[in-house]
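The structure file input.csv is reproduced below (CSV, C-alpha atoms and all ligand atoms).
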chain,number,residue,atom,x,y,z
A,1,MET,CA,-17.2,16.5,16.4
A,2,LYS,CA,-14.7,15.9,13.6
A,3,LYS,CA,-12.6,12.7,13.6
A,4,LYS,CA,-8.9,13.4,14.0
A,5,VAL,CA,-6.7,11.8,11.4
A,6,THR,CA,-3.0,11.4,10.6
A,7,VAL,CA,-1.3,11.7,7.2
A,8,LEU,CA,1.6,9.3,6.6
A,9,GLY,CA,3.9,10.5,3.9
A,10,ALA,CA,2.7,14.0,4.5
A,11,THR,CA,5.5,15.8,2.6
A,12,GLY,CA,5.0,13.9,-0.7
A,13,MET,CA,2.8,14.8,-3.7
A,14,ILE,CA,-0.1,12.7,-2.6
A,15,GLY,CA,0.3,13.6,1.1
A,16,GLN,CA,0.2,17.3,0.2
A,17,THR,CA,-2.9,16.8,-1.9
A,18,ILE,CA,-4.6,15.0,1.0
A,19,ILE,CA,-3.7,17.9,3.3
A,20,LYS,CA,-5.2,20.4,0.9
A,21,LEU,CA,-8.4,18.4,0.3
A,22,LEU,CA,-8.9,17.9,4.0
A,23,GLU,CA,-8.5,21.7,4.7
A,24,ASP,CA,-12.2,22.4,5.4
A,25,HIS,CA,-13.5,18.8,5.5
A,26,PRO,CA,-16.7,18.5,7.5
A,27,TRP,CA,-15.9,15.1,9.0
A,28,PHE,CA,-12.1,14.8,9.3
A,29,SER,CA,-9.4,17.1,10.8
A,30,ILE,CA,-5.6,16.6,10.6
A,31,GLU,CA,-4.0,15.9,14.0
A,32,THR,CA,-0.6,14.5,13.0
A,33,LEU,CA,1.8,14.5,10.1
A,34,VAL,CA,4.3,11.7,9.6
A,35,ALA,CA,7.3,11.6,7.1
A,36,SER,CA,10.7,10.1,7.0
A,37,LYS,CA,13.4,10.7,9.6
A,38,SER,CA,15.0,13.4,7.4
A,39,SER,CA,11.8,15.5,7.6
A,40,SER,CA,10.8,14.8,11.1
A,41,GLY,CA,11.4,17.1,14.1
A,42,GLY,CA,10.8,20.3,12.2
A,43,LYS,CA,7.7,22.4,11.4
A,44,TYR,CA,5.8,21.3,8.3
A,45,SER,CA,6.2,24.8,6.7
A,46,GLU,CA,10.0,24.5,7.0
A,47,LYS,CA,10.5,20.8,6.1
A,48,CYS,CA,8.0,20.4,3.3
A,49,ARG,CA,8.7,21.6,-0.2
A,50,TRP,CA,5.1,22.5,-1.0
A,51,ILE,CA,4.5,21.9,-4.7
A,52,LEU,CA,0.8,22.6,-5.1
A,53,SER,CA,-0.4,25.8,-6.7
A,54,ASP,CA,-3.0,26.3,-3.9
A,55,PRO,CA,-1.3,27.6,-0.7
A,56,MET,CA,-0.3,25.4,2.2
A,57,PRO,CA,-3.2,25.4,4.7
A,58,GLU,CA,-2.5,27.6,7.8
A,59,SER,CA,-3.6,24.8,10.1
A,60,VAL,CA,-0.6,22.5,9.3
A,61,LYS,CA,2.1,25.1,8.9
A,62,ASP,CA,3.3,24.9,12.6
A,63,MET,CA,2.7,21.2,13.1
A,64,VAL,CA,5.9,19.4,13.9
A,65,ILE,CA,6.4,16.4,11.6
A,66,VAL,CA,7.0,13.1,13.4
A,67,ASP,CA,8.6,9.8,12.2
A,68,VAL,CA,7.0,6.3,12.2
A,69,ASP,CA,8.5,5.5,15.6
A,70,THR,CA,6.2,8.0,17.3
A,71,ALA,CA,3.0,6.6,18.9
A,72,LEU,CA,-0.1,8.1,17.2
A,73,ASP,CA,-3.2,9.3,19.0
A,74,THR,CA,-5.5,9.0,16.0
A,75,HIS,CA,-7.3,5.8,15.0
A,76,ILE,CA,-7.5,6.7,11.3
A,77,LEU,CA,-4.3,7.1,9.2
A,78,PHE,CA,-4.3,8.2,5.6
A,79,SER,CA,-1.2,6.6,4.0
A,80,ALA,CA,0.7,8.3,1.2
A,81,LEU,CA,3.9,6.5,1.9
A,82,ASP,CA,6.4,5.7,-0.7
A,83,SER,CA,5.8,2.1,-1.8
A,84,SER,CA,9.4,1.2,-0.9
A,85,VAL,CA,8.6,1.6,2.8
A,86,ALA,CA,4.8,1.3,3.0
A,87,ASP,CA,4.7,-2.5,3.3
A,88,GLU,CA,6.0,-3.0,6.8
A,89,ILE,CA,5.0,0.4,8.1
A,90,GLU,CA,1.4,-0.1,7.3
A,91,ILE,CA,1.4,-3.6,8.8
A,92,ASP,CA,3.0,-2.3,11.9
A,93,TYR,CA,0.3,0.4,12.3
A,94,ARG,CA,-2.4,-2.2,11.7
A,95,GLN,CA,-1.0,-4.4,14.5
A,96,LYS,CA,-1.2,-1.4,16.8
A,97,GLY,CA,-4.9,-1.2,16.0
A,98,HIS,CA,-5.0,1.7,13.5
A,99,ILE,CA,-7.2,1.9,10.4
A,100,ILE,CA,-5.2,2.6,7.3
A,101,VAL,CA,-6.8,4.3,4.3
A,102,SER,CA,-3.9,3.8,1.8
A,103,ASN,CA,-2.8,5.0,-1.5
A,104,ALA,CA,0.3,2.8,-1.6
A,105,SER,CA,0.2,-0.3,-3.9
A,106,ASN,CA,1.8,-2.7,-1.4
A,107,HIS,CA,-1.4,-4.3,0.1
A,108,ARG,CA,-3.9,-3.7,-2.7
A,109,MET,CA,-4.0,-7.3,-3.7
A,110,ASP,CA,-4.0,-8.8,-0.2
A,111,SER,CA,-7.1,-11.0,0.3
A,112,ASP,CA,-8.2,-9.2,3.5
A,113,VAL,CA,-7.7,-5.7,2.1
A,114,PRO,CA,-10.5,-4.3,-0.1
A,115,LEU,CA,-9.5,-2.3,-3.2
A,116,ILE,CA,-12.3,0.1,-3.4
A,117,ILE,CA,-13.8,2.6,-5.8
A,118,PRO,CA,-17.0,3.6,-3.9
A,119,GLU,CA,-19.1,4.0,-7.0
A,120,VAL,CA,-18.0,0.6,-8.4
A,121,ASN,CA,-17.5,-2.0,-5.7
A,122,PRO,CA,-18.5,-0.8,-2.2
A,123,ASP,CA,-19.7,-4.3,-1.5
A,124,HIS,CA,-16.0,-5.3,-1.2
A,125,LEU,CA,-15.9,-3.7,2.2
A,126,GLN,CA,-17.1,-7.2,3.4
A,127,LEU,CA,-13.5,-8.3,3.1
A,128,ILE,CA,-12.7,-6.3,6.2
A,129,ASP,CA,-12.6,-8.3,9.4
A,130,ASN,CA,-13.0,-5.8,12.2
A,131,GLU,CA,-14.7,-8.1,14.7
A,132,ASN,CA,-11.7,-8.3,17.0
A,133,ASN,CA,-11.2,-4.6,17.1
A,134,GLY,CA,-7.7,-5.0,15.6
A,135,GLY,CA,-6.4,-2.6,12.9
A,136,TRP,CA,-7.3,-3.0,9.2
A,137,GLU,CA,-6.7,-1.4,5.9
A,138,ILE,CA,-8.6,-0.2,2.8
A,139,THR,CA,-6.9,0.8,-0.4
A,140,ASN,CA,-7.7,2.8,-3.5
A,141,PRO,CA,-6.4,1.6,-6.9
A,142,ASN,CA,-3.5,2.6,-9.0
A,143,CYS,CA,-4.1,6.0,-10.6
A,144,SER,CA,-4.8,4.6,-14.1
A,145,ALA,CA,-6.8,1.6,-12.8
A,146,VAL,CA,-9.3,4.0,-11.2
A,147,VAL,CA,-9.9,5.8,-14.5
A,148,ILE,CA,-10.2,2.5,-16.4
A,149,SER,CA,-12.4,0.8,-13.9
A,150,LEU,CA,-14.8,3.8,-13.6
A,151,ALA,CA,-15.1,3.9,-17.4
A,152,LEU,CA,-15.7,0.2,-17.6
A,153,ALA,CA,-18.2,-0.1,-14.7
A,154,PRO,CA,-21.4,1.0,-16.4
A,155,ILE,CA,-20.6,-1.2,-19.5
A,156,PHE,CA,-19.7,-4.1,-17.3
A,157,ILE,CA,-23.0,-4.0,-15.5
A,158,GLU,CA,-25.1,-4.1,-18.6
A,159,TYR,CA,-23.0,-5.9,-21.2
A,160,GLY,CA,-20.5,-8.0,-19.3
A,161,ILE,CA,-16.8,-7.8,-20.2
A,162,GLN,CA,-14.6,-10.5,-21.8
A,163,GLN,CA,-11.4,-8.6,-22.7
A,164,VAL,CA,-9.9,-5.2,-22.3
A,165,PHE,CA,-6.9,-3.8,-24.1
A,166,VAL,CA,-5.5,-0.5,-22.8
A,167,VAL,CA,-2.9,2.0,-23.8
A,168,THR,CA,-2.2,4.6,-21.1
A,169,MET,CA,-0.7,8.1,-21.5
A,170,GLN,CA,0.3,8.9,-17.9
A,171,SER,CA,1.3,12.3,-16.6
A,172,SER,CA,4.7,13.2,-15.0
A,173,SER,CA,3.1,13.8,-11.6
A,174,GLY,CA,2.2,10.1,-11.4
A,175,ALA,CA,5.8,9.5,-10.6
A,176,GLY,CA,5.7,11.7,-7.5
A,177,TYR,CA,8.2,14.5,-6.8
A,178,PRO,CA,10.8,15.1,-8.4
A,179,GLY,CA,9.7,12.3,-10.6
A,180,VAL,CA,11.0,11.6,-14.2
A,181,PRO,CA,14.0,13.7,-15.2
A,182,PHE,CA,13.2,16.7,-17.4
A,183,PHE,CA,15.8,15.5,-19.9
A,184,ASP,CA,14.0,12.2,-20.4
A,185,LEU,CA,10.4,13.6,-20.7
A,186,HIS,CA,10.6,17.0,-22.3
A,187,GLY,CA,9.1,16.9,-25.8
A,188,ASN,CA,9.1,13.1,-25.5
A,189,VAL,CA,7.1,9.9,-24.7
A,190,LEU,CA,8.5,7.1,-22.7
A,191,PRO,CA,6.9,3.8,-23.8
A,192,TYR,CA,7.3,2.0,-20.4
A,193,ILE,CA,6.7,2.6,-16.8
A,194,GLU,CA,8.4,0.0,-14.6
A,195,GLY,CA,6.1,-2.2,-12.6
A,196,GLU,CA,2.9,-0.4,-13.8
A,197,GLU,CA,1.4,-2.8,-16.4
A,198,PRO,CA,0.9,-5.9,-14.2
A,199,LYS,CA,-0.3,-3.8,-11.4
A,200,ILE,CA,-3.1,-2.3,-13.4
A,201,GLU,CA,-4.0,-5.6,-15.1
A,202,LYS,CA,-4.4,-7.4,-11.7
A,203,GLU,CA,-6.1,-4.5,-9.9
A,204,ILE,CA,-8.9,-4.3,-12.6
A,205,THR,CA,-9.8,-8.0,-12.2
A,206,LYS,CA,-10.0,-7.5,-8.4
A,207,ILE,CA,-12.1,-4.4,-8.6
A,208,LEU,CA,-14.5,-6.1,-11.0
A,209,GLY,CA,-14.4,-9.3,-9.0
A,210,SER,CA,-17.2,-10.7,-6.8
A,211,ILE,CA,-17.4,-11.6,-3.1
A,212,GLU,CA,-18.2,-15.2,-2.3
A,213,ASN,CA,-18.3,-16.3,1.3
A,214,LYS,CA,-16.5,-13.1,2.3
A,215,ARG,CA,-13.6,-13.9,-0.1
A,216,ILE,CA,-12.8,-12.0,-3.3
A,217,VAL,CA,-13.0,-13.9,-6.6
A,218,ASN,CA,-11.2,-11.9,-9.3
A,219,HIS,CA,-13.1,-11.4,-12.5
A,220,SER,CA,-11.9,-13.7,-15.3
A,221,CYS,CA,-11.8,-11.1,-18.1
A,222,GLU,CA,-8.5,-10.7,-19.9
A,223,VAL,CA,-6.8,-7.3,-19.3
A,224,SER,CA,-3.7,-6.3,-21.2
A,225,VAL,CA,-2.1,-2.9,-20.6
A,226,GLN,CA,0.7,-0.9,-22.3
A,227,THR,CA,1.8,2.2,-20.4
A,228,ASN,CA,3.4,5.4,-21.6
A,229,ARG,CA,4.7,8.4,-19.6
A,230,VAL,CA,3.9,11.6,-21.5
A,231,ALA,CA,4.9,15.2,-21.0
A,232,VAL,CA,1.7,16.3,-19.3
A,233,LEU,CA,1.7,17.6,-15.7
A,234,TYR,CA,-1.6,16.2,-14.4
A,235,GLY,CA,-4.1,13.7,-15.8
A,236,HIS,CA,-3.8,10.1,-17.0
A,237,MET,CA,-5.5,9.4,-20.3
A,238,VAL,CA,-6.3,5.8,-21.4
A,239,SER,CA,-7.3,4.4,-24.8
A,240,LEU,CA,-9.5,1.4,-24.2
A,241,PHE,CA,-10.7,-1.4,-26.5
A,242,VAL,CA,-13.4,-3.4,-24.7
A,243,THR,CA,-14.8,-6.7,-25.8
A,244,THR,CA,-18.2,-7.3,-24.2
A,245,LYS,CA,-20.3,-10.4,-23.8
A,246,SER,CA,-23.3,-9.1,-25.7
A,247,ALA,CA,-23.4,-6.8,-28.8
A,248,VAL,CA,-22.7,-3.2,-28.2
A,249,ASN,CA,-24.9,-0.2,-28.9
A,250,VAL,CA,-22.9,3.1,-28.9
A,251,GLU,CA,-25.8,5.4,-28.1
A,252,ARG,CA,-26.9,3.2,-25.2
A,253,ILE,CA,-23.3,3.1,-23.9
A,254,LYS,CA,-23.0,6.8,-24.0
A,255,ASP,CA,-26.3,7.0,-22.0
A,256,LEU,CA,-25.0,4.5,-19.4
A,257,LEU,CA,-21.7,6.4,-19.0
A,258,SER,CA,-23.2,9.8,-18.5
A,259,ASN,CA,-26.0,8.6,-16.1
A,260,PHE,CA,-23.7,6.4,-14.0
A,261,SER,CA,-23.7,7.0,-10.3
A,262,GLY,CA,-23.4,5.1,-7.0
A,263,ILE,CA,-23.4,5.3,-3.3
A,264,PRO,CA,-21.3,8.5,-3.1
A,265,GLN,CA,-23.8,10.3,-5.1
A,266,GLU,CA,-26.8,8.8,-3.3
A,267,ARG,CA,-25.4,9.7,0.1
A,268,ASN,CA,-24.0,13.0,-1.1
A,269,LEU,CA,-20.6,12.3,0.3
A,270,PRO,CA,-18.6,15.5,0.8
A,271,ILE,CA,-15.9,15.0,-1.8
A,272,ALA,CA,-18.0,13.0,-4.3
A,273,PRO,CA,-18.6,14.5,-7.7
A,274,LYS,CA,-22.2,15.0,-8.7
A,275,HIS,CA,-21.5,12.9,-11.8
A,276,PRO,CA,-18.5,10.6,-11.7
A,277,ILE,CA,-18.4,10.3,-15.5
A,278,TYR,CA,-18.8,13.1,-18.2
A,279,LEU,CA,-19.0,12.6,-21.9
A,280,GLY,CA,-16.5,14.7,-23.9
A,281,GLU,CA,-18.3,17.4,-25.9
A,282,ASN,CA,-16.8,16.5,-29.2
A,283,GLU,CA,-14.2,14.2,-30.9
A,284,TYR,CA,-11.3,16.3,-29.7
A,285,ARG,CA,-12.1,15.6,-26.0
A,286,PRO,CA,-11.1,14.5,-23.4
A,287,GLN,CA,-7.9,16.5,-23.1
A,288,PRO,CA,-5.8,16.9,-19.9
A,289,ARG,CA,-5.6,20.7,-20.2
A,290,LEU,CA,-9.4,21.1,-20.7
A,291,ASP,CA,-11.0,18.3,-18.7
A,292,VAL,CA,-8.7,17.2,-15.9
A,293,ASP,CA,-10.2,19.5,-13.2
A,294,ARG,CA,-13.9,18.5,-13.8
A,295,GLU,CA,-15.7,18.5,-10.4
A,296,ASN,CA,-12.5,19.5,-8.7
A,297,GLY,CA,-10.6,16.6,-10.2
A,298,MET,CA,-13.1,13.9,-8.9
A,299,ALA,CA,-14.9,13.2,-12.2
A,300,ILE,CA,-13.5,11.4,-15.2
A,301,THR,CA,-14.2,12.4,-18.9
A,302,VAL,CA,-14.9,9.8,-21.6
A,303,GLY,CA,-14.9,10.4,-25.3
A,304,ARG,CA,-14.2,8.9,-28.7
A,305,VAL,CA,-16.8,6.2,-28.0
A,306,LYS,CA,-17.1,4.1,-31.1
A,307,LYS,CA,-18.0,0.6,-32.2
A,308,VAL,CA,-15.1,-1.5,-33.6
A,309,ASN,CA,-17.1,-4.6,-34.3
A,310,GLU,CA,-20.3,-6.3,-33.0
A,311,ASN,CA,-18.9,-6.9,-29.5
A,312,THR,CA,-16.0,-4.5,-29.3
A,313,LEU,CA,-16.0,-0.9,-28.3
A,314,HIS,CA,-13.3,1.8,-28.3
A,315,MET,CA,-13.2,4.8,-26.0
A,316,VAL,CA,-10.8,7.3,-24.4
A,317,ALA,CA,-11.0,8.2,-20.7
A,318,LEU,CA,-9.2,10.8,-18.6
A,319,GLY,CA,-8.9,11.4,-14.9
A,320,HIS,CA,-6.9,13.4,-12.4
A,321,ASN,CA,-4.2,11.1,-11.2
A,322,THR,CA,-3.3,12.8,-7.9
A,323,ILE,CA,-7.0,13.6,-7.0
A,324,ARG,CA,-9.4,10.9,-8.4
A,325,GLY,CA,-6.5,8.6,-8.8
A,326,GLY,CA,-4.9,9.3,-5.4
A,327,ALA,CA,-5.7,11.7,-2.6
A,328,GLY,CA,-9.3,12.3,-3.5
A,329,ALA,CA,-9.9,8.5,-4.0
A,330,ALA,CA,-8.6,7.8,-0.4
A,331,ILE,CA,-10.7,10.6,1.1
A,332,LEU,CA,-13.8,9.2,-0.8
A,333,ASN,CA,-13.0,5.8,0.7
A,334,ALA,CA,-12.8,7.2,4.2
A,335,GLU,CA,-16.1,9.0,3.6
A,336,LEU,CA,-17.7,5.7,2.5
A,337,LEU,CA,-16.4,4.1,5.7
A,338,HIS,CA,-17.8,6.9,7.8
A,339,SER,CA,-21.2,6.8,6.0
A,340,GLU,CA,-21.2,3.0,6.7
A,341,GLY,CA,-20.5,3.6,10.4
A,342,MET,CA,-17.3,1.6,10.1
A,343,ILE,CA,-15.1,4.5,11.5
B,401,LIG,N1,1.6,10.4,-7.7
B,401,LIG,C1,0.4,9.8,-8.0
B,401,LIG,O1,-0.2,10.1,-9.0
B,401,LIG,C2,-0.1,8.6,-7.2
B,401,LIG,C3,-1.4,8.2,-7.4
B,401,LIG,C4,-1.9,7.1,-6.6
B,401,LIG,C5,-1.1,6.5,-5.7
B,401,LIG,N2,0.2,6.9,-5.5
B,401,LIG,C6,1.0,6.2,-4.5
B,401,LIG,O2,0.9,7.1,-3.3
B,401,LIG,C7,2.2,7.0,-2.6
B,401,LIG,C8,2.8,8.4,-2.5
B,401,LIG,O3,3.1,8.8,-3.8
B,401,LIG,P1,3.7,10.3,-4.0
B,401,LIG,O4,3.6,10.5,-5.5
B,401,LIG,O5,3.1,11.3,-3.1
B,401,LIG,O6,5.3,10.0,-3.6
B,401,LIG,P2,6.4,11.0,-3.0
B,401,LIG,O7,6.1,12.4,-3.5
B,401,LIG,O8,7.7,10.4,-3.4
B,401,LIG,O9,6.2,11.0,-1.4
B,401,LIG,C9,6.5,9.9,-0.6
B,401,LIG,C10,6.3,10.2,0.9
B,401,LIG,O10,6.7,9.1,1.7
B,401,LIG,C11,7.5,9.6,2.8
B,401,LIG,N3,8.5,8.6,3.2
B,401,LIG,C12,9.5,8.0,2.5
B,401,LIG,N4,10.2,7.1,3.3
B,401,LIG,C13,9.6,7.2,4.5
B,401,LIG,C14,9.8,6.5,5.8
B,401,LIG,N5,10.8,5.6,5.9
B,401,LIG,N6,9.0,6.8,6.8
B,401,LIG,C15,8.0,7.7,6.7
B,401,LIG,N7,7.7,8.4,5.5
B,401,LIG,C16,8.5,8.1,4.5
B,401,LIG,C17,8.2,10.8,2.2
B,401,LIG,O11,8.8,11.6,3.2
B,401,LIG,P3,10.1,12.5,3.1
B,401,LIG,O12,9.7,13.7,2.3
B,401,LIG,O13,10.5,12.8,4.5
B,401,LIG,O14,11.1,11.7,2.3
B,401,LIG,C18,7.1,11.4,1.4
B,401,LIG,O15,6.3,12.1,2.4
B,401,LIG,C19,3.1,6.0,-3.3
B,401,LIG,O16,2.9,4.7,-2.7
B,401,LIG,C20,2.5,6.0,-4.7
B,401,LIG,O17,2.7,4.8,-5.4
B,401,LIG,C21,0.7,8.0,-6.2
Taking this structure as input, can you express it in the form of structure tokens?
Amino acid sequence: MKKKVTVLGATGMIGQTIIKLLEDHPWFSIETLVASKSSSGGKYSEKCRWILSDPMPESVKDMVIVDVDTALDTHILFSALDSSVADEIEIDYRQKGHIIVSNASNHRMDSDVPLIIPEVNPDHLQLIDNENNGGWEITNPNCSAVVISLALAPIFIEYGIQQVFVVTMQSSSGAGYPGVPFFDLHGNVLPYIEGEEPKIEKEITKILGSIENKRIVNHSCEVSVQTNRVAVLYGHMVSLFVTTKSAVNVERIKDLLSNFSGIPQERNLPIAPKHPIYLGENEYRPQPRLDVDRENGMAITVGRVKKVNENTLHMVALGHNTIRGGAGAAILNAELLHSEGMI
């Protein structure tokens, strides 16, 4: 029997994407939809301004949206809450014994909350203390941090990493709906995204960190990020300069990237891509328009791999921000928990 789940922030961009991706999911079915008081009390089809090109699933159209004061019957909650409200709401649900699989940034750096990319750091699930049957939380990273960490992981394992410099080119959908005003973004590039750079820098050192005595020790590599908002609808592209601990070999690194896989591929998890990383076919790839939907948005594409000096490598990576960087990342985390017997 499928496990019943709730979607918190069901009317937002990530909430809608979770609903779409769970439409025919073999393990999870949506029981309840939660949004703010202004959306609650009405049918989902009437209250939600659906913005995905795929149609709204029939199964949710007549569901009545509830607010956060309503007691929930499901143990598992997918959170796509706005970060201005997620902090306390998620803690409150945890105290009531729920398991939160969250997209929101609020608790990603908490010491008892794992920040997971299932192909990269599934061992970080050890941070969860579920012995007293209380609620707990698992998070997926910031939408750019997922793309960066996936691209770094195979290199990190074989070469070690000392320093990473990143310039991001982040799509407009990364700001949610309605997002950045058209006037600001059309035909333009904005060289700053408030709050984004320190978030990405910290999250990468946690994801690459190790577990010692059930505590996370963040990796000591230096990460420096400069973010840009660009006039692209979906897909965050990142330009990476990576200084490794041992000398780089470009052909070997390309091989490591294209053959990279992890637990999701071993266990054939339902939403997992067959290959998490693809190599761009030529020097003009990756491009958001051509590569963002690879493996239904769950695979990233890496290109422009070149040696800068003995220990420094350059590459460009691209991933779908609302799928691999958001809704799909949360669902893959829930599938990992399910396959571990933790939910
Ligand atoms: N967009 C991305 O690429 C991306 C990627 C990864 C992670 N994230 C994170 O995922 C979360 C959702 O992002 P988004 O882009 O989907 O944002 P969004 O489109 O602005 O949606 C926010 C959702 O939160 C709900 N909400 C707001 N206040 C609430 C309250 N007091 N009680 C209950 N629900 C409330 C909204 O409901 P109403 O419609 O009723 O206001 C809406 O459903 C954010 O924390 C974001 O940082 C986003």
Just the residues within 9 Å of Cys221 in chain A, please, counting only C-alpha atoms, with nothing from its chain fewer than 3 positions along; format it as a list of chain:residue names.
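My list of contacting residues is A:Ile161, A:Gln162, A:Gln163, A:Val164, A:Thr205, A:Asn218.
Nearest residue to Ile277 in chain A among A:Gly134, A:Pro55, A:Gly303, A:Gly9 is A:Gly303, counting only C-alpha atoms.
Minimum atom-to-atom distance to Glu203 in chain A, evaluated using only C-alpha atoms, belongs to A:Val223 out of A:Val223, A:Leu190, A:Val302, A:Leu125.
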From CA of Thr6 in chain A to CA of Thr32 in chain A the spacing works out at 4.6 Å
With the cut-off set at 6 Å and counting all atoms listed in the file, tabulate each residue of chain A with an atom at most that distance from an atom of ligand LIG 401 (chain B), showing the nearest atom pair and its distance in Å to one decimal, ordered by chain and increasing number, as JSON lines.
{"residue": "A:Gly9", "atom": "CA", "partner": "B:LIG401", "partner_atom": "O15", "distance": 3.3}
{"residue": "A:Ala10", "atom": "CA", "partner": "B:LIG401", "partner_atom": "O15", "distance": 4.6}
{"residue": "A:Thr11", "atom": "CA", "partner": "B:LIG401", "partner_atom": "O15", "distance": 3.8}
{"residue": "A:Gly12", "atom": "CA", "partner": "B:LIG401", "partner_atom": "O9", "distance": 3.2}
{"residue": "A:Met13", "atom": "CA", "partner": "B:LIG401", "partner_atom": "O5", "distance": 3.6}
{"residue": "A:Ile14", "atom": "CA", "partner": "B:LIG401", "partner_atom": "O5", "distance": 3.5}
{"residue": "A:Gly15", "atom": "CA", "partner": "B:LIG401", "partner_atom": "O5", "distance": 5.5}
{"residue": "A:Ala35", "atom": "CA", "partner": "B:LIG401", "partner_atom": "N7", "distance": 3.6}
{"residue": "A:Ser36", "atom": "CA", "partner": "B:LIG401", "partner_atom": "C15", "distance": 3.6}
{"residue": "A:Ser38", "atom": "CA", "partner": "B:LIG401", "partner_atom": "O13", "distance": 5.4}
{"residue": "A:Ser39", "atom": "CA", "partner": "B:LIG401", "partner_atom": "O13", "distance": 4.3}
{"residue": "A:Asp67", "atom": "CA", "partner": "B:LIG401", "partner_atom": "C15", "distance": 5.9}
{"residue": "A:Val68", "atom": "CA", "partner": "B:LIG401", "partner_atom": "C15", "distance": 5.8}
{"residue": "A:Ala80", "atom": "CA", "partner": "B:LIG401", "partner_atom": "C8", "distance": 4.3}
{"residue": "A:Leu81", "atom": "CA", "partner": "B:LIG401", "partner_atom": "O10", "distance": 3.8}
{"residue": "A:Asp82", "atom": "CA", "partner": "B:LIG401", "partner_atom": "O16", "distance": 4.2}
{"residue": "A:Ser83", "atom": "CA", "partner": "B:LIG401", "partner_atom": "O16", "distance": 4.0}
{"residue": "A:Val85", "atom": "CA", "partner": "B:LIG401", "partner_atom": "N5", "distance": 5.5}
{"residue": "A:Asn103", "atom": "CA", "partner": "B:LIG401", "partner_atom": "O2", "distance": 4.6}
{"residue": "A:Ala104", "atom": "CA", "partner": "B:LIG401", "partner_atom": "O16", "distance": 3.4}
{"residue": "A:Ser105", "atom": "CA", "partner": "B:LIG401", "partner_atom": "O16", "distance": 5.8}
{"residue": "A:Asn142", "atom": "CA", "partner": "B:LIG401", "partner_atom": "C4", "distance": 5.3}
{"residue": "A:Cys143", "atom": "CA", "partner": "B:LIG401", "partner_atom": "C4", "distance": 4.7}
{"residue": "A:Ser173", "atom": "CA", "partner": "B:LIG401", "partner_atom": "N1", "distance": 5.4}
{"residue": "A:Gly174", "atom": "CA", "partner": "B:LIG401", "partner_atom": "O1", "distance": 3.4}
{"residue": "A:Ala175", "atom": "CA", "partner": "B:LIG401", "partner_atom": "N1", "distance": 5.2}
{"residue": "A:Gly176", "atom": "CA", "partner": "B:LIG401", "partner_atom": "O4", "distance": 3.1}
{"residue": "A:Tyr177", "atom": "CA", "partner": "B:LIG401", "partner_atom": "O7", "distance": 4.4}
{"residue": "A:Asn321", "atom": "CA", "partner": "B:LIG401", "partner_atom": "O1", "distance": 4.7}
{"residue": "A:Thr322", "atom": "CA", "partner": "B:LIG401", "partner_atom": "O1", "distance": 4.3}
{"residue": "A:Gly325", "atom": "CA", "partner": "B:LIG401", "partner_atom": "C3", "distance": 5.3}
{"residue": "A:Gly326", "atom": "CA", "partner": "B:LIG401", "partner_atom": "C4", "distance": 3.9}
